[in-house]
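> Here you go, this is my_file.cif (mmCIF, C-alpha atoms).
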data_final
#
loop_
_atom_site.label_atom_id
_atom_site.label_comp_id
_atom_site.auth_asym_id
_atom_site.auth_seq_id
_atom_site.Cartn_x
_atom_site.Cartn_y
_atom_site.Cartn_z
CA MET A 1 -22.74 -14.89 -24.63
CA ALA A 2 -24.69 -12.48 -26.87
CA PHE A 3 -24.92 -10.24 -23.83
CA ILE A 4 -21.13 -10.19 -23.46
CA VAL A 5 -20.70 -9.09 -27.08
CA TRP A 6 -23.47 -6.52 -26.63
CA LEU A 7 -21.91 -5.17 -23.45
CA SER A 8 -18.50 -4.74 -25.09
CA ASP A 9 -20.05 -2.90 -28.02
CA TRP A 10 -22.25 -0.63 -25.92
CA MET A 11 -20.07 0.15 -22.92
CA ILE A 12 -18.10 3.10 -24.29
CA PRO A 13 -21.05 4.84 -26.03
CA ILE A 14 -23.18 4.40 -22.90
CA ILE A 15 -20.49 5.92 -20.67
CA ILE A 16 -19.93 8.86 -23.01
CA PHE A 17 -23.68 9.41 -23.36
CA GLY A 18 -24.25 9.22 -19.61
CA ILE A 19 -21.36 11.51 -18.72
CA ILE A 20 -22.31 14.20 -21.22
CA ILE A 21 -25.96 14.19 -20.09
CA TYR A 22 -24.87 14.25 -16.43
CA GLY A 23 -22.45 17.08 -17.15
CA LEU A 24 -25.16 19.12 -18.89
CA ILE A 25 -27.53 18.58 -15.97
CA LYS A 26 -24.83 19.73 -13.55
CA ASN A 27 -24.27 22.85 -15.68
CA VAL A 28 -20.73 21.94 -16.72
CA ASN A 29 -19.37 23.43 -19.92
CA VAL A 30 -18.90 19.95 -21.33
CA TYR A 31 -17.11 20.96 -24.50
CA GLU A 32 -14.55 23.06 -22.68
CA ALA A 33 -14.00 20.33 -20.09
CA PHE A 34 -13.51 17.80 -22.87
CA ILE A 35 -10.90 19.93 -24.64
CA GLU A 36 -9.10 20.52 -21.34
CA GLY A 37 -9.03 16.81 -20.54
CA ALA A 38 -7.95 15.91 -24.07
CA ALA A 39 -4.99 18.30 -23.77
CA ASP A 40 -4.00 16.56 -20.54
CA GLY A 41 -4.45 13.20 -22.26
CA LEU A 42 -1.91 14.17 -24.90
CA LYS A 43 0.49 15.24 -22.15
CA VAL A 44 0.06 11.84 -20.51
CA VAL A 45 0.98 10.13 -23.76
CA ILE A 46 4.05 12.35 -24.24
CA ASP A 47 5.06 11.57 -20.64
CA ILE A 48 4.95 7.81 -21.17
CA LEU A 49 6.75 8.00 -24.52
CA PRO A 50 10.31 7.80 -23.10
CA THR A 51 9.30 4.81 -20.94
CA LEU A 52 7.76 3.10 -23.96
CA ILE A 53 10.87 3.71 -26.07
CA GLY A 54 13.13 2.25 -23.37
CA LEU A 55 11.01 -0.80 -22.70
CA MET A 56 9.98 -1.58 -26.26
CA MET A 57 13.63 -1.37 -27.24
CA ALA A 58 14.65 -3.76 -24.43
CA VAL A 59 11.85 -6.21 -25.19
CA GLY A 60 12.55 -5.99 -28.92
CA MET A 61 16.18 -6.93 -28.24
CA LEU A 62 15.10 -9.80 -25.99
CA ARG A 63 12.78 -11.05 -28.72
CA SER A 64 15.28 -10.88 -31.58
CA SER A 65 18.14 -12.39 -29.55
CA GLY A 66 15.96 -15.46 -29.04
CA ALA A 67 16.00 -14.98 -25.25
CA LEU A 68 12.25 -14.48 -25.00
CA THR A 69 11.53 -17.68 -26.94
CA GLY A 70 14.16 -19.42 -24.80
CA ILE A 71 12.44 -18.32 -21.58
CA SER A 72 9.02 -19.53 -22.72
CA ASN A 73 10.56 -22.82 -23.87
CA LEU A 74 12.02 -23.22 -20.39
CA ILE A 75 8.60 -22.66 -18.84
CA LYS A 76 6.74 -24.89 -21.31
CA PRO A 77 7.41 -28.30 -19.70
CA PHE A 78 6.08 -27.06 -16.33
CA ILE A 79 2.75 -25.85 -17.63
CA SER A 80 2.21 -28.06 -20.70
CA TRP A 81 -0.46 -30.04 -18.81
CA THR A 82 -2.64 -26.92 -18.58
CA LYS A 83 -2.61 -25.79 -22.25
CA PHE A 84 -1.98 -22.27 -20.91
CA PRO A 85 0.29 -20.57 -23.50
CA SER A 86 3.85 -20.45 -22.13
CA GLU A 87 4.51 -17.07 -23.82
CA VAL A 88 2.04 -15.48 -21.41
CA VAL A 89 3.72 -16.68 -18.20
CA PRO A 90 6.55 -14.10 -18.27
CA ILE A 91 3.95 -11.35 -18.80
CA ALA A 92 1.86 -12.57 -15.87
CA LEU A 93 4.95 -12.61 -13.62
CA MET A 94 6.16 -9.23 -14.84
CA ARG A 95 2.71 -7.70 -14.33
CA THR A 96 2.92 -8.23 -10.58
CA PHE A 97 5.87 -5.87 -10.16
CA SER A 98 6.14 -3.56 -13.17
CA SER A 99 3.25 -2.31 -15.23
CA SER A 100 5.43 -0.68 -17.87
CA ALA A 101 7.68 -3.71 -18.38
CA ALA A 102 4.57 -5.88 -18.73
CA THR A 103 3.23 -3.38 -21.28
CA GLY A 104 6.45 -3.78 -23.27
CA LEU A 105 5.97 -7.56 -23.34
CA ILE A 106 2.30 -7.24 -24.29
CA LEU A 107 3.10 -4.92 -27.19
CA ASP A 108 5.63 -7.50 -28.33
CA ILE A 109 2.86 -10.12 -28.32
CA PHE A 110 0.62 -7.79 -30.34
CA LYS A 111 3.42 -7.23 -32.84
CA ASN A 112 4.24 -10.92 -33.25
CA TYR A 113 0.84 -12.62 -32.87
CA GLY A 114 -1.62 -9.75 -33.44
CA PRO A 115 -4.13 -8.37 -30.92
CA ASP A 116 -6.89 -10.58 -32.37
CA SER A 117 -5.02 -13.85 -31.87
CA PHE A 118 -5.92 -16.06 -28.90
CA ILE A 119 -2.76 -15.00 -27.07
CA GLY A 120 -3.40 -11.35 -27.95
CA ARG A 121 -6.91 -11.47 -26.54
CA LEU A 122 -5.79 -13.39 -23.48
CA VAL A 123 -3.11 -10.85 -22.53
CA SER A 124 -5.57 -7.99 -23.20
CA ILE A 125 -8.07 -9.40 -20.72
CA MET A 126 -5.36 -10.39 -18.24
CA PHE A 127 -3.82 -6.93 -18.20
CA GLY A 128 -7.20 -5.35 -17.45
CA CYS A 129 -7.93 -7.50 -14.42
CA THR A 130 -4.54 -7.60 -12.67
CA GLU A 131 -2.41 -5.04 -10.84
CA THR A 132 1.21 -4.34 -9.94
CA ILE A 133 0.95 -6.06 -6.55
CA PHE A 134 4.42 -5.54 -5.11
CA TYR A 135 4.69 -1.91 -6.12
CA THR A 136 1.23 -0.97 -4.84
CA LEU A 137 1.62 -2.80 -1.54
CA SER A 138 5.01 -1.30 -0.78
CA VAL A 139 3.87 2.25 -1.61
CA TYR A 140 0.72 1.99 0.51
CA PHE A 141 2.25 0.24 3.49
CA MET A 142 5.39 2.36 3.49
CA THR A 143 3.33 5.57 3.70
CA VAL A 144 1.92 4.49 7.07
CA LYS A 145 5.03 2.53 8.18
CA ILE A 146 3.27 -0.82 8.52
CA LYS A 147 5.75 -3.68 8.77
CA ASN A 148 3.45 -6.65 9.11
CA SER A 149 0.97 -6.72 6.25
CA ARG A 150 -0.61 -10.00 7.45
CA TYR A 151 -2.73 -11.66 4.75
CA THR A 152 -2.69 -8.77 2.25
CA LEU A 153 -0.05 -10.31 -0.04
CA ALA A 154 -1.74 -13.71 0.01
CA GLY A 155 -5.07 -12.09 -0.86
CA ALA A 156 -3.53 -9.99 -3.62
CA LEU A 157 -1.77 -13.00 -5.13
CA LEU A 158 -4.97 -15.01 -4.95
CA ALA A 159 -6.88 -12.21 -6.72
CA THR A 160 -4.26 -12.10 -9.46
CA PHE A 161 -4.21 -15.86 -9.87
CA VAL A 162 -8.00 -16.08 -10.11
CA GLY A 163 -7.96 -13.16 -12.56
CA ILE A 164 -5.48 -14.96 -14.82
CA ILE A 165 -7.41 -18.25 -14.75
CA ALA A 166 -10.69 -16.40 -15.41
CA SER A 167 -9.10 -14.50 -18.32
CA TYR A 168 -7.92 -17.77 -19.85
CA TYR A 169 -11.28 -19.52 -19.68
CA LEU A 170 -13.21 -16.41 -20.77
CA ALA A 171 -10.94 -15.95 -23.80
CA LEU A 172 -11.34 -19.63 -24.63
CA TRP A 173 -15.10 -19.57 -24.13
CA ILE A 174 -15.89 -16.28 -25.90
CA PHE A 175 -13.38 -16.24 -28.72
CA GLY A 176 -12.17 -19.85 -29.03
CA VAL A 177 -8.57 -20.72 -29.97
CA MET B 1 13.31 -1.91 -9.82
CA LEU B 2 13.27 -1.02 -13.51
CA ASN B 3 16.87 0.08 -13.20
CA TYR B 4 18.07 -3.52 -12.85
CA LEU B 5 15.31 -5.10 -14.89
CA TRP B 6 15.91 -2.89 -17.90
CA SER B 7 19.71 -3.27 -17.73
CA PHE B 8 19.31 -7.02 -17.38
CA MET B 9 17.03 -7.28 -20.42
CA ILE B 10 19.46 -5.39 -22.64
CA ILE B 11 22.70 -6.96 -21.37
CA PHE B 12 21.17 -10.42 -21.42
CA SER B 13 19.97 -10.08 -25.03
CA ILE B 14 23.37 -8.84 -26.22
CA ILE B 15 25.17 -11.72 -24.49
CA ILE B 16 22.70 -14.30 -25.82
CA SER B 17 22.89 -13.01 -29.35
CA GLY B 18 26.68 -12.94 -29.03
CA PHE B 19 26.50 -16.72 -28.65
CA ASN B 20 23.73 -17.21 -31.20
CA GLY B 21 25.25 -14.94 -33.81
CA GLY B 22 22.21 -12.72 -34.25
CA MET B 23 23.82 -9.39 -33.47
CA ARG B 24 22.57 -7.72 -36.63
CA GLU B 25 18.96 -8.67 -35.84
CA VAL B 26 19.31 -7.36 -32.29
CA THR B 27 20.62 -4.02 -33.57
CA ALA B 28 17.84 -3.76 -36.15
CA SER B 29 15.26 -4.67 -33.53
CA ALA B 30 16.52 -2.09 -31.02
CA LEU B 31 16.32 0.63 -33.65
CA SER B 32 12.95 -0.35 -35.08
CA SER B 33 11.40 -0.84 -31.62
CA ALA B 34 12.41 2.66 -30.56
CA GLN B 35 10.87 3.96 -33.76
CA GLY B 36 7.78 1.83 -33.22
CA ALA B 37 7.29 3.31 -29.75
CA VAL B 38 6.96 6.80 -31.21
CA GLU B 39 4.51 5.58 -33.86
CA LEU B 40 2.50 3.83 -31.16
CA CYS B 41 2.29 6.98 -29.05
CA ILE B 42 1.04 9.00 -32.01
CA LYS B 43 -1.59 6.37 -32.78
CA MET B 44 -2.76 5.95 -29.19
CA GLY B 45 -2.64 9.69 -28.43
CA GLY B 46 -6.05 10.32 -29.99
CA ILE B 47 -7.80 7.60 -28.01
CA VAL B 48 -6.25 8.52 -24.68
CA ALA B 49 -7.06 12.19 -25.29
CA LEU B 50 -10.65 11.34 -26.18
CA TRP B 51 -11.13 9.28 -23.04
CA MET B 52 -9.46 11.76 -20.72
CA GLY B 53 -11.61 14.48 -22.24
CA VAL B 54 -14.77 12.55 -21.41
CA MET B 55 -13.48 11.75 -17.93
CA ARG B 56 -12.71 15.41 -17.31
CA ILE B 57 -16.39 16.17 -17.92
CA ALA B 58 -17.25 13.48 -15.35
CA GLU B 59 -14.82 14.94 -12.82
CA LYS B 60 -16.09 18.50 -13.29
CA ALA B 61 -19.68 17.30 -12.92
CA GLY B 62 -18.70 15.82 -9.56
CA ILE B 63 -19.37 12.22 -10.54
CA ILE B 64 -16.66 10.84 -8.25
CA ASN B 65 -18.27 12.36 -5.16
CA ALA B 66 -21.77 11.45 -6.33
CA LEU B 67 -20.80 7.80 -6.77
CA ALA B 68 -18.71 7.75 -3.59
CA ARG B 69 -21.78 8.73 -1.57
CA LYS B 70 -23.66 5.73 -2.94
CA MET B 71 -20.98 3.36 -1.64
CA THR B 72 -22.24 3.29 1.98
CA PRO B 73 -23.81 -0.22 1.92
CA ILE B 74 -20.71 -1.69 0.25
CA LEU B 75 -18.42 0.07 2.72
CA ASP B 76 -20.56 -1.17 5.63
CA PHE B 77 -20.01 -4.69 4.41
CA LEU B 78 -16.30 -4.41 3.59
CA PHE B 79 -15.17 -2.22 6.48
CA PRO B 80 -17.35 -2.93 9.52
CA GLU B 81 -14.55 -1.67 11.78
CA VAL B 82 -14.58 1.85 10.30
CA PRO B 83 -17.30 4.05 11.84
CA ARG B 84 -19.78 5.63 9.42
CA ASP B 85 -18.70 9.21 10.07
CA HIS B 86 -14.96 8.48 9.89
CA PRO B 87 -13.01 10.37 7.16
CA ALA B 88 -11.31 7.11 6.07
CA ARG B 89 -14.61 6.14 4.46
CA LYS B 90 -14.68 9.10 2.10
CA TYR B 91 -11.11 8.48 0.96
CA ILE B 92 -11.67 4.76 0.47
CA ALA B 93 -14.80 5.45 -1.58
CA THR B 94 -13.05 8.07 -3.71
CA ASN B 95 -10.10 5.75 -4.33
CA LEU B 96 -12.30 2.82 -5.35
CA ILE B 97 -14.48 4.96 -7.64
CA ALA B 98 -11.47 6.62 -9.32
CA ASN B 99 -9.93 3.19 -9.90
CA PHE B 100 -13.25 1.92 -11.21
CA LEU B 101 -13.36 4.72 -13.78
CA GLY B 102 -9.71 4.12 -14.68
CA LEU B 103 -8.55 7.48 -13.31
CA GLY B 104 -5.31 6.17 -11.83
CA TRP B 105 -3.84 9.60 -11.11
CA ALA B 106 -6.99 10.58 -9.19
CA ALA B 107 -6.97 7.33 -7.21
CA THR B 108 -3.57 7.30 -5.52
CA PRO B 109 -3.76 10.50 -3.38
CA PRO B 110 -7.09 9.56 -1.69
CA GLY B 111 -5.81 5.98 -1.44
CA LEU B 112 -2.80 7.07 0.58
CA LYS B 113 -4.98 9.38 2.69
CA ALA B 114 -7.29 6.44 3.35
CA MET B 115 -4.32 4.45 4.67
CA THR B 116 -3.29 7.34 6.92
CA GLU B 117 -6.82 7.58 8.31
CA LEU B 118 -7.03 3.82 8.81
CA GLN B 119 -3.72 3.98 10.65
CA LYS B 120 -5.31 6.40 13.14
CA LEU B 121 -7.82 3.67 14.02
CA ASN B 122 -5.01 1.18 14.43
CA LYS B 123 -3.98 0.11 17.95
CA ASN B 124 -0.70 -1.50 16.96
CA LYS B 125 0.96 0.88 14.50
CA SER B 126 3.27 -1.66 12.87
CA ILE B 127 0.67 -4.35 12.11
CA ALA B 128 -1.94 -3.90 9.38
CA THR B 129 -5.60 -3.85 10.45
CA HIS B 130 -8.29 -5.93 8.78
CA SER B 131 -9.62 -2.80 7.11
CA MET B 132 -6.20 -2.06 5.60
CA CYS B 133 -5.86 -5.62 4.30
CA MET B 134 -9.36 -5.51 2.83
CA PHE B 135 -8.80 -2.09 1.27
CA LEU B 136 -5.56 -3.07 -0.46
CA ILE B 137 -6.82 -6.47 -1.56
CA VAL B 138 -9.88 -4.89 -3.19
CA ASN B 139 -7.72 -2.13 -4.64
CA ILE B 140 -5.29 -4.65 -6.17
CA SER B 141 -7.97 -6.93 -7.54
CA SER B 142 -8.41 -4.01 -9.92
CA VAL B 143 -12.10 -3.26 -10.23
CA GLN B 144 -12.01 -1.31 -13.47
CA LEU B 145 -14.76 -0.47 -15.92
CA ILE B 146 -12.62 0.12 -19.00
CA SER B 147 -8.89 -0.26 -19.57
CA ILE B 148 -8.51 2.51 -22.13
CA ASN B 149 -4.76 2.00 -22.53
CA MET B 150 -5.30 -1.59 -23.58
CA ILE B 151 -7.96 -0.53 -26.08
CA SER B 152 -5.64 2.08 -27.56
CA TYR B 153 -2.80 -0.48 -27.88
CA ARG B 154 -5.15 -2.94 -29.55
CA THR B 155 -6.34 -0.26 -31.97
CA SER B 156 -2.76 0.77 -32.77
CA TYR B 157 -1.81 -2.80 -33.64
CA GLY B 158 -4.75 -3.11 -36.03
CA SER B 159 -7.34 -5.04 -34.04
CA VAL B 160 -10.59 -5.50 -35.97
CA ASN B 161 -12.63 -5.08 -32.79
CA PRO B 162 -10.47 -3.42 -30.11
CA THR B 163 -13.30 -3.09 -27.59
CA GLU B 164 -14.32 -6.76 -27.66
CA ILE B 165 -12.31 -7.32 -24.48
CA ILE B 166 -14.34 -4.89 -22.32
CA ALA B 167 -16.99 -7.32 -21.07
CA PRO B 168 -14.57 -10.27 -20.59
CA CYS B 169 -12.32 -7.92 -18.57
CA ILE B 170 -15.21 -6.90 -16.33
CA ILE B 171 -16.25 -10.52 -15.79
CA ALA B 172 -12.68 -11.64 -15.02
CA THR B 173 -12.33 -8.77 -12.54
CA LEU B 174 -15.62 -9.76 -10.94
CA PHE B 175 -14.26 -13.26 -10.34
CA SER B 176 -10.97 -12.04 -8.90
CA THR B 177 -12.56 -9.34 -6.74
CA LEU B 178 -15.27 -11.60 -5.29
CA THR B 179 -12.70 -14.30 -4.54
CA SER B 180 -10.39 -11.86 -2.81
CA ILE B 181 -13.21 -10.32 -0.75
CA THR B 182 -14.28 -13.82 0.33
CA PHE B 183 -10.69 -14.62 1.23
CA ALA B 184 -10.26 -11.45 3.27
CA LYS B 185 -13.58 -12.05 5.06
CA MET B 186 -12.54 -15.61 5.90
CA MET B 187 -9.21 -14.44 7.31
CA TYR B 188 -11.08 -11.84 9.33
CA ARG B 189 -13.39 -14.47 10.87
CA LYS B 190 -10.50 -16.81 11.54
CA GLU B 191 -8.35 -14.27 13.34
CA LYS B 192 -11.17 -12.68 15.28
#
Here is a file; write its structure as structure tokens.

Amino acid sequence: MAFIVWLSDWMIPIIIFGIIIYGLIKNVNVYEAFIEGAADGLKVVIDILPTLIGLMMAVGMLRSSGALTGISNLIKPFISWTKFPSEVVPIALMRTFSSSAATGLILDIFKNYGPDSFIGRLVSIMFGCTETIFYTLSVYFMTVKIKNSRYTLAGALLATFVGIIASYYLALWIFGV
Amino acid sequence: MLNYLWSFMIIFSIIISGFNGGMREVTASALSSAQGAVELCIKMGGIVALWMGVMRIAEKAGIINALARKMTPILDFLFPEVPRDHPARKYIATNLIANFLGLGWAATPPGLKAMTELQKLNKNKSIATHSMCMFLIVNISSVQLISINMISYRTSYGSVNPTEIIAPCIIATLFSTLTSITFAKMMYRKEK
């Protein structure tokens, strides 16, 4: 438990430390490389801005129309025996086919519950350990014209499911409700 | 995909609020959300730039290749059907390392090349091989060291400790990845 907290605190400094030392050893002009990458980072953010505007607007409308609450109320009776928060189910489903739409829903959770709430922490962990299954599979298999993907989808769904369950219990265990 | 999804979200909310009588709130929310998106991008810009700066140092120092070379024992275990000197190995390793470091844009091109190379080893071109299934399952189980986007969102929305999710994320990924590898290995044994 203490190790988990320690790891979270130390991870980023350790990576930065290691990479700069490694870069210096390999004779890279680390400062110049950093500035170059940072410029690209800003471009990345500008590039995702239109997507964020579109999706945050759509999710904001869903939230204020009461549709989002309605959807999680519809889901509630089916999962009430698990104590898994029903607000998170739409995000988990969305995550499997659109990363940006799921981001819109997650930001809505942050806005309404805060990133340090149980739900906020749960979706943070969940987002980090799941992928856009359907998109990724179709891109990769279409490139090589595979029609029968055999057990790939089952495996991917299993991975996602285990990831979600693990996120839930880790959030519960580390942070409590 | 997003074409229909996005249209549905907006049309659906307008219809619902038409019945509920909350049109003013929906308008206000559309406007303030669009504004909020710009604020968010400004706030997260610094963090994303910082991280990509550090990662650029790593790329220039050749860390992806250095780590990819150390993957041999893992690749032997995951892809016994791919010969050691086959180019598919290099691409798979590069893809997995780039994903691991969170360099999504650096992961996709070698990932697609890996699939093309694996296809060359394939006897029946329309059915996926075990190696392809394993590669995509591991890829999707999302082995990632740090999700910097999530940390920047958490910071932007005022988290007291935005990085507290790093270790839980890694542990959750460990669970999902190990389960999916076990699953793929079991399917491999079963069908062999």
> Check what the PyMOL selection byres ((chain A and resi 157-168) around 7) selects in the file above and give those residues as a list in words.
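Answer for the PyMOL selection byres ((chain A and resi 157-168) around 7): Leu122, Ile125, Met126, Cys129, Thr130, Leu153, Ala154, Gly155, Ala156, Tyr169, Leu170, Ala171 and Leu172 of chain A; Ser141, Ala172, Thr173, Phe175, Ser176, Thr177, Thr179 and Ser180 of chain B.
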> Which residue is closest to Leu145 (chain B)? Choose from A:Ser98, A:Gly128, A:Lys145, A:Ile48 and count all atoms listed in the file.
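That would be A:Gly128, the residue with the smallest distance to Leu145 (chain B).
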> Please provide as number ranges by chain all residues within 10 Å of Tyr153 (chain B), with the sequence filter that same-chain residues fewer than 6 positions apart are discarded (counting all atoms listed in the file).
A: 103, 106-107, 110, 115, 124; B: 40-41, 43-44, 47, 159, 162
> Assuming the chain letters and numbering stay as they are in my file, what does the PyMOL selection byres ((chain A and resi 17-27) around 10) actually select? List them as a list in words.
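Applied to this file, the PyMOL selection byres ((chain A and resi 17-27) around 10) selects Met11, Ile12, Pro13, Ile14, Ile15, Ile16, Val28, Asn29, Val30, Tyr31, Ala33 and Phe34 of chain A; Val54, Met55, Arg56, Ile57, Ala58, Glu59, Lys60, Ala61, Gly62 and Ile63 of chain B.
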> Pull out every residue that the PyMOL selection byres ((chain B and resi 109) around 12) matches in the shown coordinates and put them as a list in words.
Val139, Tyr140 and Thr143 of chain A; Tyr91, Ile92, Thr94, Asn95, Leu96, Ala98, Asn99, Leu103, Gly104, Trp105, Ala106, Ala107, Thr108, Pro110, Gly111, Leu112, Lys113, Ala114, Met115 and Thr116 of chain B
> Pull C-alpha atoms from the residues just selected and write them as a compact mmCIF listing (two decimals), keeping the file's coordinate frame.

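See out-v3.txt below for the written result:
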# COMPACT_ATOMS: atom_id res chain seq x y z
CA VAL A 139 3.87 2.25 -1.61
CA TYR A 140 0.72 1.99 0.51
CA THR A 143 3.33 5.57 3.70
CA TYR B 91 -11.11 8.48 0.96
CA ILE B 92 -11.67 4.76 0.47
CA THR B 94 -13.05 8.07 -3.71
CA ASN B 95 -10.10 5.75 -4.33
CA LEU B 96 -12.30 2.82 -5.35
CA ALA B 98 -11.47 6.62 -9.32
CA ASN B 99 -9.93 3.19 -9.90
CA LEU B 103 -8.55 7.48 -13.31
CA GLY B 104 -5.31 6.17 -11.83
CA TRP B 105 -3.84 9.60 -11.11
CA ALA B 106 -6.99 10.58 -9.19
CA ALA B 107 -6.97 7.33 -7.21
CA THR B 108 -3.57 7.30 -5.52
CA PRO B 110 -7.09 9.56 -1.69
CA GLY B 111 -5.81 5.98 -1.44
CA LEU B 112 -2.80 7.07 0.58
CA LYS B 113 -4.98 9.38 2.69
CA ALA B 114 -7.29 6.44 3.35
CA MET B 115 -4.32 4.45 4.67
CA THR B 116 -3.29 7.34 6.92
> Can you find the residues with an atom no farther than 10 Å from (-7.5, -3.6, -31.2), counting all atoms listed in the file, and report them as a VMD selection string?
(chain A and resid 110 114 to 116 120 to 121 124) or (chain B and resid 150 to 165)
> Any chance you can output those residues with C-alpha atoms as a PDB file, in the frame of the given file?

ATOM      1  CA  PHE A 110       0.620  -7.790 -30.340  1.00  0.00           C
ATOM      2  CA  GLY A 114      -1.620  -9.750 -33.440  1.00  0.00           C
ATOM      3  CA  PRO A 115      -4.130  -8.370 -30.920  1.00  0.00           C
ATOM      4  CA  ASP A 116      -6.890 -10.580 -32.370  1.00  0.00           C
ATOM      5  CA  GLY A 120      -3.400 -11.350 -27.950  1.00  0.00           C
ATOM      6  CA  ARG A 121      -6.910 -11.470 -26.540  1.00  0.00           C
ATOM      7  CA  SER A 124      -5.570  -7.990 -23.200  1.00  0.00           C
TER       8      SER A 124
ATOM      9  CA  MET B 150      -5.300  -1.590 -23.580  1.00  0.00           C
ATOM     10  CA  ILE B 151      -7.960  -0.530 -26.080  1.00  0.00           C
ATOM     11  CA  SER B 152      -5.640   2.080 -27.560  1.00  0.00           C
ATOM     12  CA  TYR B 153      -2.800  -0.480 -27.880  1.00  0.00           C
ATOM     13  CA  ARG B 154      -5.150  -2.940 -29.550  1.00  0.00           C
ATOM     14  CA  THR B 155      -6.340  -0.260 -31.970  1.00  0.00           C
ATOM     15  CA  SER B 156      -2.760   0.770 -32.770  1.00  0.00           C
ATOM     16  CA  TYR B 157      -1.810  -2.800 -33.640  1.00  0.00           C
ATOM     17  CA  GLY B 158      -4.750  -3.110 -36.030  1.00  0.00           C
ATOM     18  CA  SER B 159      -7.340  -5.040 -34.040  1.00  0.00           C
ATOM     19  CA  VAL B 160     -10.590  -5.500 -35.970  1.00  0.00           C
ATOM     20  CA  ASN B 161     -12.630  -5.080 -32.790  1.00  0.00           C
ATOM     21  CA  PRO B 162     -10.470  -3.420 -30.110  1.00  0.00           C
ATOM     22  CA  THR B 163     -13.300  -3.090 -27.590  1.00  0.00           C
ATOM     23  CA  GLU B 164     -14.320  -6.760 -27.660  1.00  0.00           C
ATOM     24  CA  ILE B 165     -12.310  -7.320 -24.480  1.00  0.00           C
TER      25      ILE B 165
END
> For the atom pair CA of Arg24 (chain B) and CA of Asn112 (chain A), what is the interatomic distance in Å to one decimal place?
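Interatomic distance here is 18.9 Å.
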> Quote the spacing between CA of Ser86 (chain A) and CA of Asn73 (chain A) in Å to one decimal place.
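Distance between the two atoms: 7.3 Å.
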> Distance CA of Leu118 (chain B)-CA of Ser99 (chain A), one decimal place?
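So the answer is 26.9 Å.
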> Could you name the residues that touch Phe97 (chain A) at 9 Å or less, counting only C-alpha atoms, but leaving out those on the same chain fewer than 3 positions away, as number ranges by chain?
A: 93-94, 101-102, 131-136; B: 1
> Missing atoms in region 115-126 of chain A should be modelled up to N, CA and C atoms and reported as a PDB file, in the frame of the given file.

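Result file out25.pdb:
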ATOM      1  N   PRO A 115      -3.224  -8.517 -32.075  1.00  0.00           N
ATOM      2  CA  PRO A 115      -4.130  -8.370 -30.920  1.00  0.00           C
ATOM      3  C   PRO A 115      -5.371  -9.259 -31.020  1.00  0.00           C
ATOM      4  N   ASP A 116      -5.689  -9.754 -32.219  1.00  0.00           N
ATOM      5  CA  ASP A 116      -6.890 -10.580 -32.370  1.00  0.00           C
ATOM      6  C   ASP A 116      -6.594 -12.077 -32.343  1.00  0.00           C
ATOM      7  N   SER A 117      -5.329 -12.436 -32.039  1.00  0.00           N
ATOM      8  CA  SER A 117      -5.020 -13.850 -31.870  1.00  0.00           C
ATOM      9  C   SER A 117      -5.502 -14.284 -30.484  1.00  0.00           C
ATOM     10  N   PHE A 118      -5.504 -15.600 -30.227  1.00  0.00           N
ATOM     11  CA  PHE A 118      -5.920 -16.060 -28.900  1.00  0.00           C
ATOM     12  C   PHE A 118      -5.022 -15.471 -27.817  1.00  0.00           C
ATOM     13  N   ILE A 119      -3.701 -15.545 -28.054  1.00  0.00           N
ATOM     14  CA  ILE A 119      -2.760 -15.000 -27.070  1.00  0.00           C
ATOM     15  C   ILE A 119      -2.965 -13.502 -26.889  1.00  0.00           C
ATOM     16  N   GLY A 120      -3.176 -12.798 -28.006  1.00  0.00           N
ATOM     17  CA  GLY A 120      -3.400 -11.350 -27.950  1.00  0.00           C
ATOM     18  C   GLY A 120      -4.613 -11.002 -27.112  1.00  0.00           C
ATOM     19  N   ARG A 121      -5.700 -11.746 -27.317  1.00  0.00           N
ATOM     20  CA  ARG A 121      -6.910 -11.470 -26.540  1.00  0.00           C
ATOM     21  C   ARG A 121      -6.718 -11.843 -25.077  1.00  0.00           C
ATOM     22  N   LEU A 122      -6.034 -12.959 -24.856  1.00  0.00           N
ATOM     23  CA  LEU A 122      -5.790 -13.390 -23.480  1.00  0.00           C
ATOM     24  C   LEU A 122      -5.009 -12.341 -22.692  1.00  0.00           C
ATOM     25  N   VAL A 123      -3.899 -11.846 -23.275  1.00  0.00           N
ATOM     26  CA  VAL A 123      -3.110 -10.850 -22.530  1.00  0.00           C
ATOM     27  C   VAL A 123      -3.895  -9.541 -22.355  1.00  0.00           C
ATOM     28  N   SER A 124      -4.753  -9.208 -23.342  1.00  0.00           N
ATOM     29  CA  SER A 124      -5.570  -7.990 -23.200  1.00  0.00           C
ATOM     30  C   SER A 124      -6.474  -8.086 -21.982  1.00  0.00           C
ATOM     31  N   ILE A 125      -7.146  -9.236 -21.847  1.00  0.00           N
ATOM     32  CA  ILE A 125      -8.070  -9.400 -20.720  1.00  0.00           C
ATOM     33  C   ILE A 125      -7.288  -9.447 -19.413  1.00  0.00           C
ATOM     34  N   MET A 126      -6.180 -10.204 -19.435  1.00  0.00           N
ATOM     35  CA  MET A 126      -5.360 -10.390 -18.240  1.00  0.00           C
ATOM     36  C   MET A 126      -4.849  -9.059 -17.699  1.00  0.00           C
TER      37      MET A 126
END
